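A.B. asks: Following this line is my_file.cif, made up of mmCIF, C-alpha atoms:
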```cif
data_input
#
loop_
_atom_site.group_PDB
_atom_site.id
_atom_site.type_symbol
_atom_site.label_atom_id
_atom_site.label_comp_id
_atom_site.auth_asym_id
_atom_site.auth_seq_id
_atom_site.Cartn_x
_atom_site.Cartn_y
_atom_site.Cartn_z
ATOM 1 C CA ASP A 30 31.109 -6.629 -14.038
ATOM 2 C CA GLY A 31 29.283 -9.961 -14.183
ATOM 3 C CA SER A 32 25.931 -8.485 -15.146
ATOM 4 C CA ASP A 33 23.769 -9.433 -18.090
ATOM 5 C CA LEU A 34 23.738 -6.655 -20.678
ATOM 6 C CA VAL A 35 20.700 -6.044 -22.861
ATOM 7 C CA GLU A 36 21.151 -3.518 -25.659
ATOM 8 C CA LEU A 37 17.944 -2.059 -27.080
ATOM 9 C CA GLY A 38 17.692 -0.923 -30.690
ATOM 10 C CA ALA A 39 21.195 -2.269 -31.222
ATOM 11 C CA GLY A 40 21.420 -1.558 -34.958
ATOM 12 C CA LEU A 41 24.897 -2.696 -35.990
ATOM 13 C CA GLY A 42 25.569 -3.719 -32.381
ATOM 14 C CA LEU A 43 28.694 -1.617 -31.933
ATOM 15 C CA CYS A 44 28.143 -0.704 -28.281
ATOM 16 C CA GLY A 45 27.185 -4.204 -27.202
ATOM 17 C CA LEU A 46 30.029 -5.755 -29.179
ATOM 18 C CA VAL A 47 32.588 -3.449 -27.569
ATOM 19 C CA ILE A 48 31.234 -4.352 -24.125
ATOM 20 C CA ALA A 49 31.319 -8.062 -25.017
ATOM 21 C CA ALA A 50 34.939 -7.696 -26.138
ATOM 22 C CA PHE A 51 36.393 -5.554 -23.368
ATOM 23 C CA ALA A 52 34.140 -5.744 -20.293
ATOM 24 C CA ARG A 53 33.233 -8.795 -18.235
ATOM 25 C CA PRO A 54 29.478 -9.271 -18.697
ATOM 26 C CA ARG A 55 27.886 -12.597 -17.879
ATOM 27 C CA GLU A 56 25.809 -12.450 -21.056
ATOM 28 C CA VAL A 57 25.299 -9.883 -23.786
ATOM 29 C CA TRP A 58 21.958 -9.688 -25.568
ATOM 30 C CA LEU A 59 21.787 -7.532 -28.702
ATOM 31 C CA THR A 60 18.166 -6.769 -29.581
ATOM 32 C CA ASP A 61 16.329 -4.877 -32.269
ATOM 33 C CA GLY A 62 12.794 -4.606 -33.611
ATOM 34 C CA SER A 63 13.760 -5.492 -37.178
ATOM 35 C CA ASP A 64 14.321 -9.155 -38.117
ATOM 36 C CA LEU A 65 16.721 -8.042 -40.856
ATOM 37 C CA VAL A 66 18.777 -6.065 -38.350
ATOM 38 C CA VAL A 67 18.795 -9.001 -35.907
ATOM 39 C CA ARG A 68 20.181 -11.285 -38.634
ATOM 40 C CA ASN A 69 22.885 -8.737 -39.348
ATOM 41 C CA LEU A 70 23.658 -8.517 -35.636
ATOM 42 C CA ALA A 71 24.229 -12.283 -35.557
ATOM 43 C CA TYR A 72 26.583 -11.916 -38.523
ATOM 44 C CA ASN A 73 28.535 -9.138 -36.773
ATOM 45 C CA VAL A 74 28.838 -11.240 -33.620
ATOM 46 C CA ASP A 75 30.129 -14.158 -35.675
ATOM 47 C CA ILE A 76 32.723 -12.285 -37.751
ATOM 48 C CA ASN A 77 34.139 -10.707 -34.604
ATOM 49 C CA GLY A 78 34.323 -14.052 -32.785
ATOM 50 C CA LEU A 79 32.466 -12.697 -29.748
ATOM 51 C CA ASP A 80 30.217 -14.338 -27.209
ATOM 52 C CA ALA A 81 26.907 -12.492 -27.550
ATOM 53 C CA ARG A 82 23.327 -13.448 -28.248
ATOM 54 C CA THR A 83 20.861 -11.764 -30.544
ATOM 55 C CA ALA A 84 17.083 -11.559 -30.281
ATOM 56 C CA PRO A 85 14.182 -9.633 -31.783
ATOM 57 C CA LEU A 86 12.632 -7.162 -29.372
ATOM 58 C CA GLU A 87 9.758 -5.090 -30.701
ATOM 59 C CA TRP A 88 9.069 -2.297 -28.246
ATOM 60 C CA THR A 89 5.313 -2.309 -28.827
ATOM 61 C CA ASP A 90 5.058 -6.073 -28.139
ATOM 62 C CA PHE A 91 7.356 -6.324 -25.123
ATOM 63 C CA GLY A 92 5.416 -7.990 -22.316
ATOM 64 C CA ALA A 93 6.055 -8.782 -18.683
ATOM 65 C CA ASP A 94 6.585 -12.448 -19.598
ATOM 66 C CA SER A 95 9.795 -11.770 -21.540
ATOM 67 C CA PRO A 96 12.627 -14.070 -20.350
ATOM 68 C CA LEU A 97 14.949 -11.063 -20.423
ATOM 69 C CA LEU A 98 13.096 -9.688 -17.405
ATOM 70 C CA ALA A 99 13.865 -12.846 -15.423
ATOM 71 C CA LYS A 100 17.605 -12.177 -15.408
ATOM 72 C CA ARG A 101 19.093 -11.719 -11.934
ATOM 73 C CA ASP A 102 21.313 -8.724 -12.610
ATOM 74 C CA ILE A 103 20.538 -6.708 -15.733
ATOM 75 C CA ALA A 104 22.128 -3.633 -17.242
ATOM 76 C CA VAL A 105 20.132 -2.142 -20.097
ATOM 77 C CA LEU A 106 21.771 0.105 -22.679
ATOM 78 C CA ALA A 107 19.962 2.193 -25.268
ATOM 79 C CA ALA A 108 22.448 4.018 -27.467
ATOM 80 C CA ASP A 109 21.094 6.619 -29.873
ATOM 81 C CA CYS A 110 17.580 5.168 -29.798
ATOM 82 C CA VAL A 111 15.753 8.485 -29.318
ATOM 83 C CA TYR A 112 15.157 9.693 -32.845
ATOM 84 C CA ASP A 113 11.364 9.528 -33.360
ATOM 85 C CA ALA A 114 8.888 11.192 -31.001
ATOM 86 C CA ASP A 115 6.164 8.758 -32.115
ATOM 87 C CA LEU A 116 8.121 5.877 -30.552
ATOM 88 C CA ALA A 117 8.765 7.611 -27.239
ATOM 89 C CA SER A 118 5.779 6.056 -25.447
ATOM 90 C CA ALA A 119 6.640 2.488 -26.480
ATOM 91 C CA PHE A 120 10.309 3.048 -25.644
ATOM 92 C CA ALA A 121 9.415 4.365 -22.180
ATOM 93 C CA SER A 122 7.135 1.373 -21.574
ATOM 94 C CA VAL A 123 9.984 -1.041 -22.270
ATOM 95 C CA LEU A 124 12.281 0.850 -19.930
ATOM 96 C CA ARG A 125 9.623 0.803 -17.213
ATOM 97 C CA ARG A 126 9.306 -2.977 -17.448
ATOM 98 C CA PHE A 127 13.067 -3.325 -17.046
ATOM 99 C CA ALA A 128 13.067 -0.833 -14.170
ATOM 100 C CA ASP A 129 10.353 -2.842 -12.416
ATOM 101 C CA ALA A 130 12.593 -5.906 -12.819
ATOM 102 C CA GLY A 131 15.424 -4.096 -11.022
ATOM 103 C CA ALA A 132 17.558 -3.349 -14.069
ATOM 104 C CA ARG A 133 20.099 -0.556 -14.250
ATOM 105 C CA ILE A 134 19.236 1.486 -17.339
ATOM 106 C CA TYR A 135 21.561 3.772 -19.273
ATOM 107 C CA LEU A 136 20.811 6.041 -22.226
ATOM 108 C CA ALA A 137 23.545 7.361 -24.494
ATOM 109 C CA ASN A 138 22.182 9.823 -26.975
ATOM 110 C CA ALA A 139 23.122 12.454 -29.506
ATOM 111 C CA VAL A 140 20.486 15.175 -29.190
ATOM 112 C CA ARG A 141 19.882 16.145 -32.801
ATOM 113 C CA ASN A 142 16.335 17.371 -32.271
ATOM 114 C CA HIS A 143 15.533 18.929 -28.917
ATOM 115 C CA ARG A 144 11.782 18.525 -29.428
ATOM 116 C CA THR A 145 12.193 14.765 -29.895
ATOM 117 C CA TRP A 146 14.456 14.542 -26.856
ATOM 118 C CA ARG A 147 11.879 16.457 -24.818
ATOM 119 C CA ALA A 148 9.147 14.063 -25.988
ATOM 120 C CA CYS A 149 11.262 11.142 -24.757
ATOM 121 C CA LEU A 150 11.830 12.720 -21.342
ATOM 122 C CA ASP A 151 8.112 13.498 -21.042
ATOM 123 C CA ALA A 152 7.251 9.878 -21.926
ATOM 124 C CA LEU A 153 9.656 8.613 -19.269
ATOM 125 C CA ALA A 154 8.033 10.883 -16.679
ATOM 126 C CA ARG A 155 4.543 9.655 -17.616
ATOM 127 C CA ARG A 156 5.771 6.104 -16.991
ATOM 128 C CA GLY A 157 7.024 7.049 -13.540
ATOM 129 C CA LEU A 158 10.695 7.183 -14.512
ATOM 130 C CA ASP A 159 13.340 9.749 -13.612
ATOM 131 C CA HIS A 160 16.142 10.725 -15.977
ATOM 132 C CA ARG A 161 19.454 11.492 -14.291
ATOM 133 C CA ARG A 162 22.242 12.873 -16.379
ATOM 134 C CA LEU A 163 25.639 11.393 -15.572
ATOM 135 C CA THR A 164 28.823 13.416 -15.559
ATOM 136 C CA LEU A 165 31.431 11.988 -17.897
ATOM 137 C CA ASP A 166 34.256 14.055 -19.314
ATOM 138 C CA ALA A 167 34.476 12.140 -22.572
ATOM 139 C CA VAL A 168 36.037 15.115 -24.339
ATOM 140 C CA ALA A 169 39.039 15.154 -22.017
ATOM 141 C CA ALA A 170 39.383 11.368 -22.265
ATOM 142 C CA VAL A 171 39.420 11.402 -26.073
ATOM 143 C CA ASP A 172 41.644 14.468 -26.277
ATOM 144 C CA ALA A 173 44.156 12.709 -24.019
ATOM 145 C CA SER A 174 44.073 9.490 -26.021
ATOM 146 C CA PRO A 175 47.324 8.808 -27.876
ATOM 147 C CA ARG A 176 45.382 7.173 -30.704
ATOM 148 C CA LEU A 177 42.225 8.673 -32.136
ATOM 149 C CA LEU A 178 40.056 5.942 -33.656
ATOM 150 C CA LEU A 179 37.929 8.224 -35.834
ATOM 151 C CA ALA A 180 38.585 10.897 -38.406
ATOM 152 C CA ALA A 181 39.707 14.217 -36.958
ATOM 153 C CA ARG A 182 36.890 16.061 -38.745
ATOM 154 C CA ALA A 183 34.290 13.673 -37.334
ATOM 155 C CA TRP A 184 35.676 14.022 -33.823
ATOM 156 C CA ALA A 185 35.660 17.811 -34.142
ATOM 157 C CA ARG A 186 31.910 17.667 -34.839
ATOM 158 C CA HIS A 187 31.237 15.283 -31.954
ATOM 159 C CA ARG A 188 33.484 17.323 -29.680
ATOM 160 C CA ARG A 189 31.433 20.463 -30.333
ATOM 161 C CA ALA A 190 28.230 18.533 -29.635
ATOM 162 C CA ALA A 191 29.611 17.172 -26.367
ATOM 163 C CA LEU A 192 30.755 20.601 -25.223
ATOM 164 C CA ASN A 193 27.307 22.003 -26.076
ATOM 165 C CA GLY A 194 25.625 19.293 -24.002
ATOM 166 C CA ASP A 195 24.149 17.517 -27.026
ATOM 167 C CA LEU A 196 25.906 14.205 -26.364
ATOM 168 C CA THR A 197 24.313 12.783 -23.246
ATOM 169 C CA LEU A 198 24.881 9.816 -20.966
ATOM 170 C CA SER A 199 22.164 9.306 -18.395
ATOM 171 C CA GLU A 200 20.634 6.798 -16.030
ATOM 172 C CA VAL A 201 16.906 6.041 -15.904
ATOM 173 C CA VAL A 202 15.436 5.033 -12.550
ATOM 174 C CA LEU A 203 12.017 4.633 -10.986
ATOM 175 C CA ALA A 204 10.722 7.914 -9.651
ATOM 176 C CA GLU A 205 10.699 8.053 -5.868
ATOM 177 C CA ASP A 206 6.903 8.230 -5.611
ATOM 178 C CA VAL A 207 6.246 5.177 -7.808
ATOM 179 C CA ARG A 208 8.894 2.703 -6.647
ATOM 180 C CA THR A 209 6.252 0.307 -5.322
ATOM 181 C CA SER A 210 3.417 1.162 -7.717
ATOM 182 C CA PRO A 211 2.332 -0.687 -10.872
ATOM 183 C CA CYS A 212 3.330 0.646 -14.262
ATOM 184 C CA PRO A 213 1.209 3.741 -14.927
ATOM 185 C CA GLY A 214 -0.646 4.579 -18.104
ATOM 186 C CA ARG A 215 -1.838 2.393 -20.898
ATOM 187 C CA ASP A 216 -0.210 -0.875 -21.866
ATOM 188 C CA ALA A 217 2.811 -0.743 -24.153
ATOM 189 C CA SER A 218 0.954 -2.820 -26.736
ATOM 190 C CA ALA A 219 -1.305 0.169 -27.393
ATOM 191 C CA ALA A 220 1.606 2.383 -28.357
ATOM 192 C CA PRO A 221 2.323 3.256 -32.015
ATOM 193 C CA ARG A 222 3.988 0.391 -33.876
ATOM 194 C CA ALA A 223 7.406 0.941 -35.383
ATOM 195 C CA PRO A 224 7.857 -0.158 -39.013
ATOM 196 C CA ALA A 225 9.152 -3.738 -39.004
ATOM 197 C CA ASP A 226 11.835 -2.992 -41.576
ATOM 198 C CA ASP A 227 13.162 0.187 -39.965
ATOM 199 C CA PRO A 228 16.925 -0.365 -39.537
ATOM 200 C CA GLY A 229 17.164 2.638 -37.242
ATOM 201 C CA ARG A 230 15.397 0.744 -34.434
#
```
Using structure tokens, write down the structure that the file contains.

C.D. replies:
Amino acid sequence: DGSDLVELGAGLGLCGLVIAAFARPREVWLTDGSDLVVRNLAYNVDINGLDARTAPLEWTDFGADSPLLAKRDIAVLAADCVYDADLASAFASVLRRFADAGARIYLANAVRNHRTWRACLDALARRGLDHRRLTLDAVAAVDASPRLLLAARAWARHRRAALNGDLTLSEVVLAEDVRTSPCPGRDASAAPRAPADDPGR
């Protein structure tokens, strides 16, 4: 839609690459906290012949001076990034910086561990962020698709998770009472540091 897309914890970059291929973003930035993963992202962009940029983005070192925050119209996507409760505070700090910059923020997540998911939601709340679940009938859309692009057994597992509410798509916004306040809590740089070679980031 003409926005800049920033994907956090992109991993292989699948979500960002699909958006680069089929949507109309102005720019796509695929980011990750691991230099090895970022190099692999650049390779995946190249072999698919897509127009996307890659950059390291370590959640614990993400400051207000990042050029990504200077973009005019930003959509931020974090797909399946909530897997470690110890990283929840740093993750929430990054999202708060983007929210303060006016970004639209979307989380897509498979809830494998409800305690970890709860820790993420609590961290968002401490940073003055609201989590709003979006309604999307992905099950009906996939069931109606004439061509299933994944194994039937795999889809059956994901279908059960979606029907149980364990596949979530949500929007993160500034809480009403903090829309004009500075970022609460301690600085993101004080949050626990993720291992530099963790490909799951």

A.B. asks: Using atom CA of Val47 of chain A and atom CA of Thr197 of chain A as the two end points, give the distance in Å to one decimal.

C.D. replies: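 Separating atom CA of Val47 of chain A from atom CA of Thr197 of chain A is a distance of 18.7 Å.
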
A.B. asks: What lies within 9 Å of Asp113 of chain A using only C-alpha atoms, ignoring chain neighbours under 2 positions off, as a PyMOL selection string?

C.D. replies: chain A and resi 110-111+115-117+145-146+148-149

A.B. asks: Quote the spacing between atom CA of Ala107 of chain A and atom CA of Ala181 of chain A in Å to one decimal place.

C.D. replies: 25.9 Å

A.B. asks: Show which residues sit within 8 Å of Asp61 of chain A, as a ChimeraX atom specification. Count only C-alpha atoms, and ignore same-chain residues fewer than 3 positions away.

C.D. replies: /A:37-40,64,66-67,84-87,230

A.B. asks: Rank nothing, just name the residue among A:Leu124, A:Val168, A:Ala119, A:Ala99 nearest to Trp184 of chain A, using only C-alpha atoms.

C.D. replies: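 Of all the options, A:Val168 lies closest to Trp184 of chain A.
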
A.B. asks: I'd like the contact shell of Val201 of chain A - 7 Å cut-off, all atoms listed in the file, skipping same-chain residues fewer than 4 positions apart - returned as an mmCIF file with C-alpha atoms, in the frame of the given file.

C.D. replies:
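Result file part-v9.cif:
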```cif
data_model
loop_
_atom_site.group_PDB
_atom_site.id
_atom_site.type_symbol
_atom_site.label_atom_id
_atom_site.label_comp_id
_atom_site.auth_asym_id
_atom_site.auth_seq_id
_atom_site.Cartn_x
_atom_site.Cartn_y
_atom_site.Cartn_z
ATOM 1 C CA ILE A 134 19.236 1.486 -17.339
ATOM 2 C CA TYR A 135 21.561 3.772 -19.273
ATOM 3 C CA LEU A 158 10.695 7.183 -14.512
ATOM 4 C CA ASP A 159 13.340 9.749 -13.612
ATOM 5 C CA HIS A 160 16.142 10.725 -15.977
ATOM 6 C CA ARG A 161 19.454 11.492 -14.291
#
```

A.B. asks: Considering only C-alpha atoms, can you say which of A:Asp195, A:Asp151, A:Asp172, A:Glu56 comes closest to Leu97 of chain A?

C.D. replies: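 Going through A:Asp195, A:Asp151, A:Asp172, A:Glu56 one by one, the smallest distance to Leu97 of chain A is for A:Glu56.
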
A.B. asks: Please evaluate the PyMOL selection byres ((chain A and resi 33-36) around 7) against the displayed coordinates and give the resulting residues as a PDB file with C-alpha atoms, keeping the file's coordinate frame.

C.D. replies:
```pdb
ATOM      1  CA  GLY A  31      29.283  -9.961 -14.183  1.00  0.00           C
ATOM      2  CA  SER A  32      25.931  -8.485 -15.146  1.00  0.00           C
ATOM      3  CA  LEU A  37      17.944  -2.059 -27.080  1.00  0.00           C
ATOM      4  CA  GLY A  38      17.692  -0.923 -30.690  1.00  0.00           C
ATOM      5  CA  ALA A  39      21.195  -2.269 -31.222  1.00  0.00           C
ATOM      6  CA  GLY A  45      27.185  -4.204 -27.202  1.00  0.00           C
ATOM      7  CA  PRO A  54      29.478  -9.271 -18.697  1.00  0.00           C
ATOM      8  CA  ARG A  55      27.886 -12.597 -17.879  1.00  0.00           C
ATOM      9  CA  GLU A  56      25.809 -12.450 -21.056  1.00  0.00           C
ATOM     10  CA  VAL A  57      25.299  -9.883 -23.786  1.00  0.00           C
ATOM     11  CA  TRP A  58      21.958  -9.688 -25.568  1.00  0.00           C
ATOM     12  CA  LEU A  59      21.787  -7.532 -28.702  1.00  0.00           C
ATOM     13  CA  THR A  60      18.166  -6.769 -29.581  1.00  0.00           C
ATOM     14  CA  ASP A 102      21.313  -8.724 -12.610  1.00  0.00           C
ATOM     15  CA  ILE A 103      20.538  -6.708 -15.733  1.00  0.00           C
ATOM     16  CA  ALA A 104      22.128  -3.633 -17.242  1.00  0.00           C
ATOM     17  CA  VAL A 105      20.132  -2.142 -20.097  1.00  0.00           C
ATOM     18  CA  LEU A 106      21.771   0.105 -22.679  1.00  0.00           C
ATOM     19  CA  ALA A 107      19.962   2.193 -25.268  1.00  0.00           C
TER      20      ALA A 107
END
```

A.B. asks: Calculated over all atoms listed in the file, which of the candidates A:Arg144, A:Ala185, A:Gly157, A:Gly62 has the smallest distance to Ala128 of chain A?

C.D. replies: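 Once distances to Ala128 of chain A are computed over all atoms listed in the file, the minimum belongs to A:Gly157.
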
A.B. asks: Counting only C-alpha atoms, which of A:Arg133, A:Ser174, A:Phe120, A:Phe127 gets nearest to Leu150 of chain A?

C.D. replies: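 Closest to Leu150 of chain A, using only C-alpha atoms: A:Phe120.
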
A.B. asks: Have a look at A:Ala154, A:Ala50, A:Val123, A:Ala183 and name the one nearest to Asp80 of chain A; count all atoms listed in the file.

C.D. replies: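 Using all atoms listed in the file, Asp80 of chain A sits closest to A:Ala50.
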
A.B. asks: Using all atoms listed in the file, find the one residue out of A:Leu203, A:Leu136, A:Lys100, A:Ala108 that sits nearest to Cys44 of chain A.

C.D. replies: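 For Cys44 of chain A, the nearest of the given residues is A:Ala108.
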
A.B. asks: Find the distance between atom CA of Ile48 of chain A and atom CA of Gly194 of chain A and write it in Å to one decimal.

C.D. replies: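 According to the coordinates, atom CA of Ile48 of chain A and atom CA of Gly194 of chain A are separated by 24.3 Å.
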
A.B. asks: List as a PDB file with C-alpha atoms, in the coordinates of the input the protein and nucleic acid residues near Arg162 of chain A, meaning an atom at most 7 Å away when all atoms listed in the file are counted, but skip any in the same chain fewer than 5 places from it.

C.D. replies:
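Listing of around.pdb after writing:
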```pdb
ATOM      1  CA  LEU A 198      24.881   9.816 -20.966  1.00  0.00           C
ATOM      2  CA  SER A 199      22.164   9.306 -18.395  1.00  0.00           C
ATOM      3  CA  GLU A 200      20.634   6.798 -16.030  1.00  0.00           C
TER       4      GLU A 200
END
```

A.B. asks: Tell me which protein, DNA and RNA residues are within 8 Å of Asp109 of chain A, counting only C-alpha atoms, leaving out same-chain ones fewer than 4 positions away, and put them as JSON, numbers by chain.

C.D. replies: {"A": [136, 137, 138, 139]}

A.B. asks: For segment 63-78 of chain A in the structure I just supplied, write out N, CA, C and O atoms - as a PDB file, in the first residue's frame.

C.D. replies:
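Ended up saving to decode.pdb:
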```pdb
ATOM      1  N   SER A  63      20.849 -11.552  14.420  1.00  0.00           N
ATOM      2  CA  SER A  63      22.007 -12.395  14.136  1.00  0.00           C
ATOM      3  C   SER A  63      22.630 -11.999  12.801  1.00  0.00           C
ATOM      4  O   SER A  63      21.941 -11.969  11.769  1.00  0.00           O
ATOM      5  N   ASP A  64      23.933 -11.709  12.797  1.00  0.00           N
ATOM      6  CA  ASP A  64      24.615 -11.354  11.543  1.00  0.00           C
ATOM      7  C   ASP A  64      24.555 -12.496  10.538  1.00  0.00           C
ATOM      8  O   ASP A  64      24.420 -12.267   9.332  1.00  0.00           O
ATOM      9  N   LEU A  65      24.655 -13.738  11.029  1.00  0.00           N
ATOM     10  CA  LEU A  65      24.570 -14.894  10.138  1.00  0.00           C
ATOM     11  C   LEU A  65      23.206 -14.956   9.465  1.00  0.00           C
ATOM     12  O   LEU A  65      23.097 -15.192   8.247  1.00  0.00           O
ATOM     13  N   VAL A  66      22.153 -14.715  10.228  1.00  0.00           N
ATOM     14  CA  VAL A  66      20.805 -14.736   9.670  1.00  0.00           C
ATOM     15  C   VAL A  66      20.633 -13.597   8.663  1.00  0.00           C
ATOM     16  O   VAL A  66      20.009 -13.779   7.608  1.00  0.00           O
ATOM     17  N   VAL A  67      21.180 -12.427   8.960  1.00  0.00           N
ATOM     18  CA  VAL A  67      21.057 -11.290   8.040  1.00  0.00           C
ATOM     19  C   VAL A  67      21.743 -11.605   6.713  1.00  0.00           C
ATOM     20  O   VAL A  67      21.229 -11.265   5.634  1.00  0.00           O
ATOM     21  N   ARG A  68      22.898 -12.256   6.759  1.00  0.00           N
ATOM     22  CA  ARG A  68      23.573 -12.651   5.511  1.00  0.00           C
ATOM     23  C   ARG A  68      22.715 -13.633   4.719  1.00  0.00           C
ATOM     24  O   ARG A  68      22.630 -13.558   3.486  1.00  0.00           O
ATOM     25  N   ASN A  69      22.081 -14.545   5.427  1.00  0.00           N
ATOM     26  CA  ASN A  69      21.209 -15.504   4.745  1.00  0.00           C
ATOM     27  C   ASN A  69      19.969 -14.817   4.175  1.00  0.00           C
ATOM     28  O   ASN A  69      19.481 -15.186   3.101  1.00  0.00           O
ATOM     29  N   LEU A  70      19.472 -13.807   4.878  1.00  0.00           N
ATOM     30  CA  LEU A  70      18.352 -13.032   4.352  1.00  0.00           C
ATOM     31  C   LEU A  70      18.718 -12.377   3.022  1.00  0.00           C
ATOM     32  O   LEU A  70      17.936 -12.392   2.068  1.00  0.00           O
ATOM     33  N   ALA A  71      19.918 -11.793   2.963  1.00  0.00           N
ATOM     34  CA  ALA A  71      20.371 -11.155   1.721  1.00  0.00           C
ATOM     35  C   ALA A  71      20.444 -12.180   0.585  1.00  0.00           C
ATOM     36  O   ALA A  71      20.081 -11.880  -0.561  1.00  0.00           O
ATOM     37  N   TYR A  72      20.891 -13.375   0.915  1.00  0.00           N
ATOM     38  CA  TYR A  72      20.953 -14.454  -0.082  1.00  0.00           C
ATOM     39  C   TYR A  72      19.544 -14.806  -0.573  1.00  0.00           C
ATOM     40  O   TYR A  72      19.305 -14.957  -1.779  1.00  0.00           O
ATOM     41  N   ASN A  73      18.591 -14.927   0.355  1.00  0.00           N
ATOM     42  CA  ASN A  73      17.223 -15.271  -0.027  1.00  0.00           C
ATOM     43  C   ASN A  73      16.573 -14.181  -0.882  1.00  0.00           C
ATOM     44  O   ASN A  73      15.810 -14.475  -1.804  1.00  0.00           O
ATOM     45  N   VAL A  74      16.867 -12.924  -0.555  1.00  0.00           N
ATOM     46  CA  VAL A  74      16.376 -11.824  -1.388  1.00  0.00           C
ATOM     47  C   VAL A  74      16.941 -11.955  -2.796  1.00  0.00           C
ATOM     48  O   VAL A  74      16.218 -11.821  -3.794  1.00  0.00           O
ATOM     49  N   ASP A  75      18.222 -12.231  -2.890  1.00  0.00           N
ATOM     50  CA  ASP A  75      18.899 -12.296  -4.184  1.00  0.00           C
ATOM     51  C   ASP A  75      18.381 -13.443  -5.044  1.00  0.00           C
ATOM     52  O   ASP A  75      18.083 -13.247  -6.234  1.00  0.00           O
ATOM     53  N   ILE A  76      18.265 -14.647  -4.466  1.00  0.00           N
ATOM     54  CA  ILE A  76      17.871 -15.798  -5.290  1.00  0.00           C
ATOM     55  C   ILE A  76      16.417 -15.704  -5.737  1.00  0.00           C
ATOM     56  O   ILE A  76      16.026 -16.338  -6.716  1.00  0.00           O
ATOM     57  N   ASN A  77      15.625 -14.891  -5.036  1.00  0.00           N
ATOM     58  CA  ASN A  77      14.239 -14.711  -5.445  1.00  0.00           C
ATOM     59  C   ASN A  77      14.035 -13.479  -6.325  1.00  0.00           C
ATOM     60  O   ASN A  77      12.919 -13.206  -6.770  1.00  0.00           O
ATOM     61  N   GLY A  78      15.136 -12.738  -6.585  1.00  0.00           N
ATOM     62  CA  GLY A  78      15.066 -11.585  -7.464  1.00  0.00           C
ATOM     63  C   GLY A  78      14.126 -10.494  -6.978  1.00  0.00           C
ATOM     64  O   GLY A  78      13.462  -9.846  -7.783  1.00  0.00           O
TER      65      GLY A  78
END
```
